[in-house]
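Structure data (CSV, C-alpha atoms and all ligand atoms) from target_18.csv:
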chain,number,residue,atom,x,y,z
A,1,MET,CA,-7.9,-3.4,-25.8
A,2,ASN,CA,-6.6,-5.9,-28.3
A,3,ALA,CA,-3.7,-8.2,-27.5
A,4,ILE,CA,-0.4,-6.3,-27.2
A,5,ARG,CA,2.0,-7.2,-29.9
A,6,HIS,CA,4.5,-4.4,-29.4
A,7,ASP,CA,4.9,-4.0,-25.6
A,8,PHE,CA,6.4,-0.7,-24.6
A,9,ARG,CA,4.7,-0.5,-21.2
A,10,SER,CA,7.7,-1.5,-19.1
A,11,ASP,CA,11.0,-3.4,-19.1
A,12,THR,CA,9.4,-5.6,-16.5
A,13,VAL,CA,7.4,-7.4,-19.2
A,14,THR,CA,10.4,-9.4,-20.6
A,15,LYS,CA,10.1,-13.1,-20.5
A,16,PRO,CA,13.1,-15.4,-19.8
A,17,SER,CA,14.9,-16.4,-23.0
A,18,ALA,CA,15.5,-20.1,-23.9
A,19,GLY,CA,19.1,-19.7,-22.7
A,20,MET,CA,18.0,-18.2,-19.4
A,21,ARG,CA,15.4,-21.0,-18.9
A,22,ALA,CA,18.1,-23.6,-19.6
A,23,ALA,CA,20.4,-21.9,-17.0
A,24,MET,CA,17.5,-22.0,-14.5
A,25,ALA,CA,16.7,-25.6,-15.1
A,26,ALA,CA,20.4,-26.6,-14.7
A,27,ALA,CA,21.0,-24.6,-11.5
A,28,GLU,CA,22.5,-26.3,-8.5
A,29,VAL,CA,20.4,-25.5,-5.5
A,30,GLY,CA,20.2,-25.8,-1.7
A,31,ASP,CA,18.2,-24.2,1.1
A,32,ASP,CA,19.2,-20.6,1.0
A,33,VAL,CA,17.8,-19.8,4.5
A,34,PHE,CA,20.5,-22.2,5.7
A,35,GLY,CA,23.0,-20.5,3.4
A,36,ASP,CA,23.2,-23.7,1.4
A,37,ASP,CA,22.3,-22.6,-2.1
A,38,PRO,CA,25.5,-22.4,-4.2
A,39,THR,CA,23.8,-20.5,-7.0
A,40,VAL,CA,22.4,-17.8,-4.7
A,41,ASN,CA,25.8,-17.5,-3.0
A,42,LEU,CA,27.5,-17.2,-6.3
A,43,LEU,CA,25.1,-14.4,-7.5
A,44,GLU,CA,25.6,-12.6,-4.2
A,45,GLN,CA,29.4,-12.9,-4.4
A,46,ARG,CA,29.4,-11.8,-8.1
A,47,MET,CA,27.2,-8.7,-7.4
A,48,ALA,CA,29.3,-7.7,-4.4
A,49,GLY,CA,32.4,-8.0,-6.6
A,50,MET,CA,31.0,-6.2,-9.5
A,51,LEU,CA,29.9,-3.3,-7.4
A,52,GLY,CA,33.0,-3.3,-5.2
A,53,LYS,CA,31.1,-3.8,-1.9
A,54,ASP,CA,31.5,-6.2,1.0
A,55,ALA,CA,28.3,-8.3,0.6
A,56,ALA,CA,25.1,-8.7,-1.2
A,57,LEU,CA,21.6,-10.2,-0.6
A,58,PHE,CA,19.3,-11.7,-3.2
A,59,VAL,CA,15.7,-10.6,-2.6
A,60,PRO,CA,12.3,-11.2,-4.3
A,61,SER,CA,11.8,-7.6,-5.5
A,62,GLY,CA,13.2,-4.1,-5.7
A,63,THR,CA,10.5,-2.9,-3.3
A,64,MET,CA,11.7,-5.3,-0.6
A,65,SER,CA,15.3,-4.4,-1.4
A,66,ASN,CA,14.7,-0.7,-0.8
A,67,LEU,CA,12.7,-1.4,2.3
A,68,LEU,CA,15.4,-3.7,3.7
A,69,ALA,CA,18.0,-1.0,3.1
A,70,LEU,CA,16.0,1.6,4.9
A,71,MET,CA,15.3,-0.7,7.8
A,72,SER,CA,19.0,-1.5,8.1
A,73,HIS,CA,20.0,2.2,8.1
A,74,CYS,CA,17.1,3.3,10.4
A,75,GLY,CA,15.4,2.2,13.6
A,76,ARG,CA,11.8,2.9,14.7
A,77,GLY,CA,11.2,6.6,14.8
A,78,ASP,CA,14.1,7.5,12.5
A,79,GLU,CA,13.8,9.3,9.2
A,80,PHE,CA,15.0,8.9,5.6
A,81,ILE,CA,15.3,11.7,3.1
A,82,ALA,CA,14.2,11.0,-0.5
A,83,GLY,CA,12.9,12.8,-3.5
A,84,GLN,CA,9.2,13.6,-3.7
A,85,ASP,CA,8.9,11.2,-6.7
A,86,ALA,CA,11.4,8.6,-5.5
A,87,HIS,CA,10.2,5.1,-5.9
A,88,CYS,CA,11.1,4.3,-2.3
A,89,TYR,CA,8.9,7.1,-1.1
A,90,LYS,CA,6.0,7.3,-3.6
A,91,TYR,CA,5.6,3.9,-5.2
A,92,GLU,CA,6.2,1.4,-2.4
A,93,ALA,CA,2.8,1.6,-0.6
A,94,GLY,CA,4.3,3.5,2.3
A,95,GLY,CA,6.2,0.3,3.3
A,96,ALA,CA,9.0,2.1,5.2
A,97,ALA,CA,6.4,3.9,7.4
A,98,VAL,CA,4.1,0.9,7.8
A,99,LEU,CA,6.6,-1.9,8.2
A,100,GLY,CA,9.7,-0.1,9.4
A,101,SER,CA,8.2,2.7,11.5
A,102,ILE,CA,10.5,5.0,9.5
A,103,GLN,CA,9.3,8.4,8.6
A,104,PRO,CA,9.9,9.8,5.1
A,105,GLN,CA,11.2,13.3,4.6
A,106,PRO,CA,10.4,14.0,0.9
A,107,ILE,CA,12.3,16.7,-0.9
A,108,ALA,CA,11.1,18.5,-4.1
A,109,HIS,CA,12.9,17.7,-7.3
A,110,GLN,CA,14.5,20.4,-9.5
A,111,ALA,CA,13.7,20.5,-13.2
A,112,ASP,CA,16.7,18.2,-13.9
A,113,GLY,CA,15.5,15.5,-11.4
A,114,THR,CA,18.0,16.2,-8.7
A,115,MET,CA,17.3,17.5,-5.2
A,116,ALA,CA,18.9,20.9,-4.3
A,117,LEU,CA,21.8,20.3,-1.9
A,118,GLY,CA,20.5,23.2,0.2
A,119,ASP,CA,17.1,21.6,0.5
A,120,ILE,CA,18.6,18.3,1.6
A,121,GLU,CA,20.8,19.9,4.1
A,122,ALA,CA,17.9,22.0,5.5
A,123,ALA,CA,15.8,18.9,6.0
A,124,ILE,CA,18.4,17.1,8.1
A,125,LYS,CA,17.2,17.1,11.7
A,126,SER,CA,19.4,17.8,14.8
A,127,GLY,CA,19.2,15.8,18.0
A,128,ASP,CA,16.3,18.0,19.3
A,129,ASN,CA,13.5,15.8,20.9
A,130,HIS,CA,10.9,17.3,18.6
A,131,PHE,CA,12.3,15.6,15.6
A,132,ALA,CA,12.6,12.2,14.1
A,133,THR,CA,16.3,11.5,13.7
A,134,THR,CA,17.6,11.6,10.2
A,135,ARG,CA,19.7,8.5,9.4
A,136,VAL,CA,20.0,8.1,5.6
A,137,ILE,CA,19.6,9.9,2.3
A,138,ALA,CA,18.2,7.8,-0.6
A,139,LEU,CA,19.0,8.7,-4.2
A,140,GLU,CA,17.6,7.1,-7.3
A,141,ASN,CA,19.6,6.7,-10.6
A,142,THR,CA,18.4,6.3,-13.3
A,143,PHE,CA,15.5,8.5,-12.3
A,144,GLY,CA,12.5,8.1,-14.6
A,145,GLY,CA,15.1,6.9,-17.2
A,146,ARG,CA,17.2,10.0,-16.7
A,147,VAL,CA,20.9,9.7,-15.8
A,148,LEU,CA,21.6,12.0,-12.9
A,149,PRO,CA,25.2,13.3,-12.9
A,150,VAL,CA,27.9,11.4,-11.0
A,151,ASP,CA,29.0,14.8,-9.5
A,152,TYR,CA,25.6,15.2,-8.0
A,153,MET,CA,25.8,11.9,-6.2
A,154,THR,CA,29.3,12.7,-4.9
A,155,ALA,CA,28.0,16.1,-3.7
A,156,VAL,CA,25.1,14.4,-1.8
A,157,ALA,CA,27.6,11.9,-0.4
A,158,ASP,CA,29.6,14.9,1.0
A,159,VAL,CA,26.5,16.2,2.7
A,160,ALA,CA,25.7,12.8,4.1
A,161,ALA,CA,29.3,12.4,5.4
A,162,ARG,CA,29.3,15.8,7.0
A,163,HIS,CA,26.2,14.9,9.0
A,164,GLY,CA,27.1,11.3,9.7
A,165,LEU,CA,24.3,9.9,7.6
A,166,GLY,CA,24.1,6.7,5.5
A,167,LEU,CA,23.6,6.9,1.8
A,168,HIS,CA,21.4,4.5,-0.2
A,169,LEU,CA,21.1,4.2,-4.0
A,170,ASP,CA,17.9,2.9,-5.6
A,171,GLY,CA,19.8,1.7,-8.6
A,172,ALA,CA,17.0,-0.4,-10.0
A,173,ARG,CA,18.3,0.6,-13.5
A,174,ALA,CA,21.9,1.5,-12.4
A,175,PHE,CA,23.3,-0.7,-15.2
A,176,ASN,CA,21.4,1.4,-17.8
A,177,ALA,CA,23.0,4.5,-16.4
A,178,CYS,CA,26.5,2.9,-16.5
A,179,VAL,CA,26.0,1.7,-20.1
A,180,ALA,CA,24.9,5.2,-21.0
A,181,LEU,CA,27.8,6.8,-19.3
A,182,ASP,CA,30.3,4.1,-20.3
A,183,LEU,CA,31.3,3.9,-16.7
A,184,ASP,CA,32.2,0.9,-14.5
A,185,ILE,CA,29.4,0.3,-12.1
A,186,LYS,CA,32.0,0.1,-9.3
A,187,ASP,CA,32.8,3.8,-9.8
A,188,PHE,CA,29.1,4.7,-10.2
A,189,VAL,CA,28.1,3.2,-6.8
A,190,ALA,CA,31.4,4.1,-4.9
A,191,PRO,CA,29.8,6.8,-2.7
A,192,PHE,CA,27.0,4.5,-1.4
A,193,ASP,CA,26.7,2.3,1.7
A,194,THR,CA,23.9,0.3,0.1
A,195,VAL,CA,22.7,-0.1,-3.5
A,196,SER,CA,19.6,-1.9,-4.8
A,197,ILE,CA,19.8,-3.4,-8.3
A,198,CYS,CA,16.8,-4.9,-10.2
A,199,LEU,CA,17.5,-8.1,-12.2
A,200,SER,CA,13.9,-8.2,-13.5
A,201,LYS,CA,13.8,-4.9,-15.4
A,202,GLY,CA,16.0,-4.4,-18.4
A,203,LEU,CA,18.3,-7.3,-17.4
A,204,GLY,CA,15.5,-9.6,-18.3
A,205,ALA,CA,15.3,-12.0,-15.3
A,206,PRO,CA,11.8,-13.1,-14.2
A,207,VAL,CA,12.3,-12.4,-10.5
A,208,GLY,CA,14.7,-10.7,-8.2
A,209,SER,CA,16.7,-7.8,-7.0
A,210,VAL,CA,20.0,-7.6,-5.1
A,211,LEU,CA,20.9,-5.4,-2.2
A,212,VAL,CA,24.6,-4.7,-2.1
A,213,GLY,CA,26.6,-2.9,0.4
A,214,ARG,CA,28.5,-2.7,3.7
A,215,GLN,CA,28.8,-6.0,5.7
A,216,ASP,CA,27.0,-4.9,8.8
A,217,LEU,CA,24.1,-3.4,6.8
A,218,ILE,CA,23.6,-6.5,4.6
A,219,GLU,CA,23.7,-8.7,7.7
A,220,MET,CA,20.9,-6.7,9.2
A,221,ALA,CA,19.0,-6.8,5.9
A,222,ARG,CA,19.3,-10.6,5.9
A,223,ARG,CA,17.6,-10.7,9.3
A,224,HIS,CA,14.9,-8.3,8.1
A,225,ARG,CA,14.4,-10.3,4.9
A,226,LYS,CA,13.5,-13.3,7.1
A,227,MET,CA,11.2,-11.1,9.2
A,228,LEU,CA,9.3,-9.9,6.1
A,229,GLY,CA,8.9,-13.4,4.7
A,230,GLY,CA,11.4,-13.0,2.0
A,231,GLY,CA,13.7,-15.8,3.0
A,232,LEU,CA,13.6,-18.3,0.1
A,233,ARG,CA,14.6,-21.9,-0.1
A,234,GLN,CA,15.9,-23.4,-3.4
A,235,SER,CA,16.0,-19.9,-4.9
A,236,GLY,CA,19.1,-20.8,-6.9
A,237,ILE,CA,16.6,-21.5,-9.7
A,238,LEU,CA,15.9,-17.8,-9.7
A,239,ALA,CA,19.5,-16.7,-9.0
A,240,ALA,CA,20.6,-18.6,-12.1
A,241,ALA,CA,18.4,-16.3,-14.2
A,242,GLY,CA,20.2,-13.4,-12.5
A,243,LEU,CA,23.6,-14.8,-13.2
A,244,HIS,CA,22.6,-15.4,-16.8
A,245,ALA,CA,21.3,-11.8,-17.1
A,246,LEU,CA,24.6,-10.4,-15.7
A,247,GLU,CA,26.6,-12.3,-18.3
A,248,HIS,CA,24.4,-11.7,-21.4
A,249,ASN,CA,22.2,-8.7,-20.9
A,250,VAL,CA,24.2,-5.8,-19.5
A,251,SER,CA,26.1,-4.4,-22.5
A,252,ARG,CA,23.2,-5.0,-24.8
A,253,LEU,CA,21.2,-2.4,-22.8
A,254,ALA,CA,22.8,0.0,-25.4
A,255,GLU,CA,20.5,-1.5,-28.0
A,256,ASP,CA,17.5,-0.5,-25.8
A,257,HIS,CA,18.8,3.0,-25.5
A,258,ARG,CA,19.3,3.2,-29.3
A,259,ARG,CA,15.7,2.0,-29.9
A,260,ALA,CA,14.3,4.5,-27.4
A,261,LYS,CA,16.1,7.2,-29.3
A,262,ALA,CA,14.8,6.0,-32.6
A,263,LEU,CA,11.3,6.0,-31.1
A,264,ALA,CA,11.8,9.6,-29.8
A,265,GLU,CA,13.0,10.8,-33.2
A,266,GLY,CA,10.0,9.2,-34.9
A,267,LEU,CA,7.5,10.6,-32.4
A,268,ALA,CA,9.1,14.1,-32.5
A,269,ARG,CA,8.2,14.4,-36.2
A,270,HIS,CA,4.7,15.1,-35.0
A,271,ALA,CA,4.2,18.7,-33.9
A,272,ALA,CA,1.5,17.8,-31.4
A,273,LEU,CA,4.0,15.8,-29.4
A,274,ARG,CA,6.6,17.2,-27.0
A,275,VAL,CA,9.2,14.5,-26.8
A,276,THR,CA,12.0,14.5,-24.2
A,277,MET,CA,15.1,12.9,-25.7
A,278,PRO,CA,15.8,9.8,-23.6
A,279,ASP,CA,19.1,9.2,-21.8
A,280,THR,CA,18.4,5.4,-21.5
A,281,ASN,CA,15.4,3.1,-22.2
A,282,ILE,CA,12.5,5.3,-20.9
A,283,LEU,CA,10.9,7.9,-23.2
A,284,TRP,CA,8.5,10.5,-22.0
A,285,VAL,CA,6.1,12.2,-24.5
A,286,ASP,CA,3.8,15.1,-23.5
A,287,MET,CA,0.7,16.3,-25.4
A,288,ALA,CA,-2.7,17.8,-24.8
A,289,ALA,CA,-4.8,15.6,-22.4
A,290,ASP,CA,-7.6,14.9,-24.8
A,291,LEU,CA,-5.2,14.0,-27.6
A,292,GLY,CA,-3.3,11.7,-25.1
A,293,GLU,CA,-6.4,9.8,-24.3
A,294,ARG,CA,-7.3,9.2,-28.0
A,295,PHE,CA,-3.7,8.5,-29.0
A,296,THR,CA,-3.0,5.9,-26.2
A,297,ALA,CA,-6.3,4.2,-26.9
A,298,TYR,CA,-5.6,4.1,-30.7
A,299,LEU,CA,-2.2,2.5,-30.0
A,300,GLY,CA,-3.8,0.0,-27.7
A,301,GLU,CA,-6.4,-1.0,-30.3
A,302,HIS,CA,-3.6,-1.6,-32.8
A,303,GLY,CA,-1.5,-3.8,-30.5
A,304,VAL,CA,1.0,-1.2,-29.2
A,305,GLY,CA,1.2,-1.1,-25.4
A,306,VAL,CA,2.3,2.2,-23.8
A,307,THR,CA,1.4,3.6,-20.4
A,308,GLY,CA,-0.3,7.0,-20.6
A,309,ARG,CA,-2.4,9.4,-18.6
A,310,TYR,CA,-3.0,13.1,-18.2
A,311,GLY,CA,-1.5,13.8,-21.6
A,312,GLN,CA,1.7,12.0,-20.9
A,313,GLN,CA,2.9,8.8,-22.4
A,314,ARG,CA,5.8,6.6,-21.3
A,315,TRP,CA,7.5,4.2,-23.8
A,316,VAL,CA,10.0,1.7,-22.5
A,317,THR,CA,12.4,-0.3,-24.6
A,318,HIS,CA,13.7,-3.7,-23.5
A,319,LEU,CA,14.9,-7.2,-24.5
A,320,ASP,CA,11.6,-8.2,-26.0
A,321,VAL,CA,11.1,-5.3,-28.4
A,322,ASP,CA,13.3,-5.2,-31.5
A,323,GLU,CA,13.9,-3.0,-34.5
A,324,ALA,CA,10.7,-4.2,-36.2
A,325,ASP,CA,8.6,-3.4,-33.2
A,326,VAL,CA,9.9,0.2,-33.3
A,327,THR,CA,9.3,0.5,-37.0
A,328,GLN,CA,5.8,-0.9,-36.8
A,329,ALA,CA,4.9,1.2,-33.8
A,330,LEU,CA,6.1,4.4,-35.6
A,331,ALA,CA,4.2,3.5,-38.7
A,332,LEU,CA,1.0,3.3,-36.6
A,333,VAL,CA,1.8,6.6,-35.0
A,334,ASP,CA,2.2,8.2,-38.5
A,335,ARG,CA,-1.1,6.7,-39.5
A,336,PHE,CA,-2.9,8.1,-36.4
A,337,PHE,CA,-1.6,11.6,-37.2
A,338,ALA,CA,-2.3,11.3,-40.9
A,339,GLY,CA,-5.9,10.2,-40.2
B,1,LIG,C1,10.9,-1.1,-10.4
B,1,LIG,C2,11.5,-0.3,-9.4
B,1,LIG,C3,11.6,-0.6,-8.1
B,1,LIG,C4,10.9,-1.8,-7.4
B,1,LIG,O1,11.1,-3.0,-8.0
B,1,LIG,P1,10.0,-4.1,-7.9
B,1,LIG,O2,10.8,-5.3,-8.2
B,1,LIG,O3,8.9,-3.8,-9.0
B,1,LIG,O4,9.4,-4.1,-6.5
B,1,LIG,C5,12.3,0.3,-7.2
B,1,LIG,N1,12.9,1.4,-7.7
B,1,LIG,C6,12.8,1.8,-9.0
B,1,LIG,C7,13.4,3.0,-9.4
B,1,LIG,C8,12.1,1.0,-9.9
B,1,LIG,O5,12.0,1.3,-11.2
As structure tokens, how would this structure be written, given the file I've shared?
Ligand SMILES: *Cc1c(COP(=O)(O)O)cnc(C)c1O
Amino acid sequence: MNAIRHDFRSDTVTKPSAGMRAAMAAAEVGDDVFGDDPTVNLLEQRMAGMLGKDAALFVPSGTMSNLLALMSHCGRGDEFIAGQDAHCYKYEAGGAAVLGSIQPQPIAHQADGTMALGDIEAAIKSGDNHFATTRVIALENTFGGRVLPVDYMTAVADVAARHGLGLHLDGARAFNACVALDLDIKDFVAPFDTVSICLSKGLGAPVGSVLVGRQDLIEMARRHRKMLGGGLRQSGILAAAGLHALEHNVSRLAEDHRRAKALAEGLARHAALRVTMPDTNILWVDMAADLGERFTAYLGEHGVGVTGRYGQQRWVTHLDVDEADVTQALALVDRFFAG
């Protein structure tokens, strides 16, 4: 593959801007394990305030953030409920089971990405000794770039409350959802006890996620973060990037969504492609498997990076692709299908 010049593989590929690097270089720091880093403390306070929760914890990755949340809701031998394709079940190397001794109870997704409320309710275990004890339900929104309805989250919260369960949101891209819905993130996350937000995706920071939520759960997560080796020292250097991202890179997510839509419209002109119109910055395109292989390879040879397999491509827009990247990528797509 040639060097990628138009990189649609993921919104994790963004590089810190000059302004972000300047903020990082200027950050006031201290030892965060001692609670001494003013920039980390400010980021945690700001995130807790923005989301309307008690407390927040800066962590190295979204994977660690989800794991800490599950470990705070559950003890050894307890169980969490999540979608079959949820990141915290399928894409985190089984960490909850391996490191937390927490059993997953995956639930099938419906066509719209939600889990049926009846399926969730049926999977909740009683106190019978045969069962692991269900402690928490984990939702994910956006889910594969799709915005799941706020009503759905509220309805799952009702189920959780009825059974005395905790509720966690993997909101890696929750800001994308809120920009798409034109909704205050406080309202979006209101039903949840814990929420995980990625700073290193569309928000453009080089490192970091924040776990936000109820005081007792975040205190427990802080202890578990140390246990897992995620206690950092002068991490204000990294938190400064997060603060810069919150200030400059949230409302502009609308541009990424517009560009994903422009890509979708351009790709949909080709009859061989089945394009799902994107809600946010992630675009899915389905096609015959053999076509997919040739098409993805062609794009790669011409400097356009997308992820693709089994006749499905994923295109992701972000801070480091602009209008010209979209236009040039679509011109190459047209050339492929003309040739
Ligand atoms: C990226 C992502 C994560 C994990 O984040 P990392 O920082 O890559 O560990 C968790 N959940 C979702 C939905 C994600 O997209």
At most 7 Å is the cut-off: for each residue in chain A with any atom that close to an atom of ligand LIG 1 (chain B), write down the nearest atom pair and the distance in Å rounded to one decimal, counting only C-alpha atoms and all ligand atoms, chain first then increasing number, as a Markdown table.
| residue | atom | partner | partner_atom | distance |
| --- | --- | --- | --- | --- |
| A:Ser61 | CA | B:LIG1 | O2 | 3.7 |
| A:Gly62 | CA | B:LIG1 | O1 | 3.3 |
| A:Thr63 | CA | B:LIG1 | O4 | 3.6 |
| A:Met64 | CA | B:LIG1 | O4 | 6.4 |
| A:Asn66 | CA | B:LIG1 | C5 | 6.9 |
| A:His87 | CA | B:LIG1 | N1 | 4.9 |
| A:Cys88 | CA | B:LIG1 | N1 | 6.4 |
| A:Glu140 | CA | B:LIG1 | C7 | 6.2 |
| A:Phe143 | CA | B:LIG1 | C7 | 6.6 |
| A:Asp170 | CA | B:LIG1 | N1 | 5.6 |
| A:Gly171 | CA | B:LIG1 | C7 | 6.6 |
| A:Ala172 | CA | B:LIG1 | C6 | 4.8 |
| A:Arg173 | CA | B:LIG1 | O5 | 6.7 |
| A:Cys198 | CA | B:LIG1 | O2 | 6.3 |
| A:Ser200 | CA | B:LIG1 | O2 | 6.8 |
| A:Lys201 | CA | B:LIG1 | C1 | 6.9 |
| A:Gly208 | CA | B:LIG1 | O2 | 6.7 |
| A:Ser209 | CA | B:LIG1 | O2 | 6.5 |
Report as JSON lines: every residue of region 150-269 of chain A with an atom at most 10 Å from region 281-291 of chain A, its closest pair of atoms, and their distance in Å to one decimal, counting only C-alpha atoms, with rows sorted by chain and ascending residue number.
{"residue": "A:Arg173", "atom": "CA", "partner": "A:Asn281", "partner_atom": "CA", "distance": 9.5}
{"residue": "A:Asn176", "atom": "CA", "partner": "A:Asn281", "partner_atom": "CA", "distance": 7.6}
{"residue": "A:Ala177", "atom": "CA", "partner": "A:Asn281", "partner_atom": "CA", "distance": 9.7}
{"residue": "A:Ala180", "atom": "CA", "partner": "A:Asn281", "partner_atom": "CA", "distance": 9.8}
{"residue": "A:Gly202", "atom": "CA", "partner": "A:Asn281", "partner_atom": "CA", "distance": 8.4}
{"residue": "A:Leu253", "atom": "CA", "partner": "A:Asn281", "partner_atom": "CA", "distance": 8.0}
{"residue": "A:Ala254", "atom": "CA", "partner": "A:Asn281", "partner_atom": "CA", "distance": 8.6}
{"residue": "A:Glu255", "atom": "CA", "partner": "A:Asn281", "partner_atom": "CA", "distance": 9.0}
{"residue": "A:Asp256", "atom": "CA", "partner": "A:Asn281", "partner_atom": "CA", "distance": 5.5}
{"residue": "A:His257", "atom": "CA", "partner": "A:Asn281", "partner_atom": "CA", "distance": 4.7}
{"residue": "A:Arg258", "atom": "CA", "partner": "A:Asn281", "partner_atom": "CA", "distance": 8.1}
{"residue": "A:Arg259", "atom": "CA", "partner": "A:Asn281", "partner_atom": "CA", "distance": 7.8}
{"residue": "A:Ala260", "atom": "CA", "partner": "A:Asn281", "partner_atom": "CA", "distance": 5.5}
{"residue": "A:Lys261", "atom": "CA", "partner": "A:Leu283", "partner_atom": "CA", "distance": 8.0}
{"residue": "A:Leu263", "atom": "CA", "partner": "A:Leu283", "partner_atom": "CA", "distance": 8.1}
{"residue": "A:Ala264", "atom": "CA", "partner": "A:Leu283", "partner_atom": "CA", "distance": 6.9}
{"residue": "A:Leu267", "atom": "CA", "partner": "A:Val285", "partner_atom": "CA", "distance": 8.2}
{"residue": "A:Ala268", "atom": "CA", "partner": "A:Val285", "partner_atom": "CA", "distance": 8.8}
Residues of region 78-109 of chain A that have any atom at most 12 Å from an atom of region 228-235 of chain A: could you tabulate them with the shortest-distance atom pair and the distance in Å to one decimal, using all atoms listed in the file, ordered by chain and increasing number, as a Markdown table?
| residue | atom | partner | partner_atom | distance |
| --- | --- | --- | --- | --- |
| A:Gly95 | CA | A:Leu228 | CA | 11.0 |
| A:Leu99 | CA | A:Leu228 | CA | 8.7 |
| A:Gly100 | CA | A:Leu228 | CA | 10.3 |
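Reported to one decimal place, the separation of CA of Leu203 (chain A) from CA of Leu246 (chain A) is 7.2 Å.
Environment of (10.4, 10.3, 15.0): residues at most 9 Å away, judged by only C-alpha atoms, are Arg76, Gly77, Asp78, Glu79, Ser101, Ile102, Gln103, Asn129, His130, Phe131, Ala132, Thr133 and Thr134 of chain A.
Nearest to His6 (chain A) of all the residues A:Leu51, A:Ile81, A:Ala86, A:Val306 is A:Val306, counting all atoms listed in the file.
For the pair CA of Leu319 (chain A) and CA of Asp32 (chain A), the interatomic distance is 29.1 Å.
Using all atoms listed in the file, the nearest neighbour of Asp119 (chain A) within the list A:Val156, A:Val250, A:Met277, A:Val150 is A:Val156.
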Next item on the list: Please provide as a ChimeraX atom specification all residues within 12 Å of His302 (chain A), with the sequence filter that same-chain residues fewer than 5 positions apart are discarded (counting all atoms listed in the file).
Entry: /A:1-7,295-297,328-333,335-336
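Relative to CA of Glu121 (chain A), CA of Leu169 (chain A) is found at 17.7 Å.
Across A:Val304, A:Ala122, A:Met24, A:Met47, the tightest approach to His163 (chain A) is made by A:Ala122 when counting only C-alpha atoms.
Closest approach to Ala93 (chain A) among A:Leu67, A:Ala241, A:Leu57, A:Leu183: A:Leu67, based on only C-alpha atoms.
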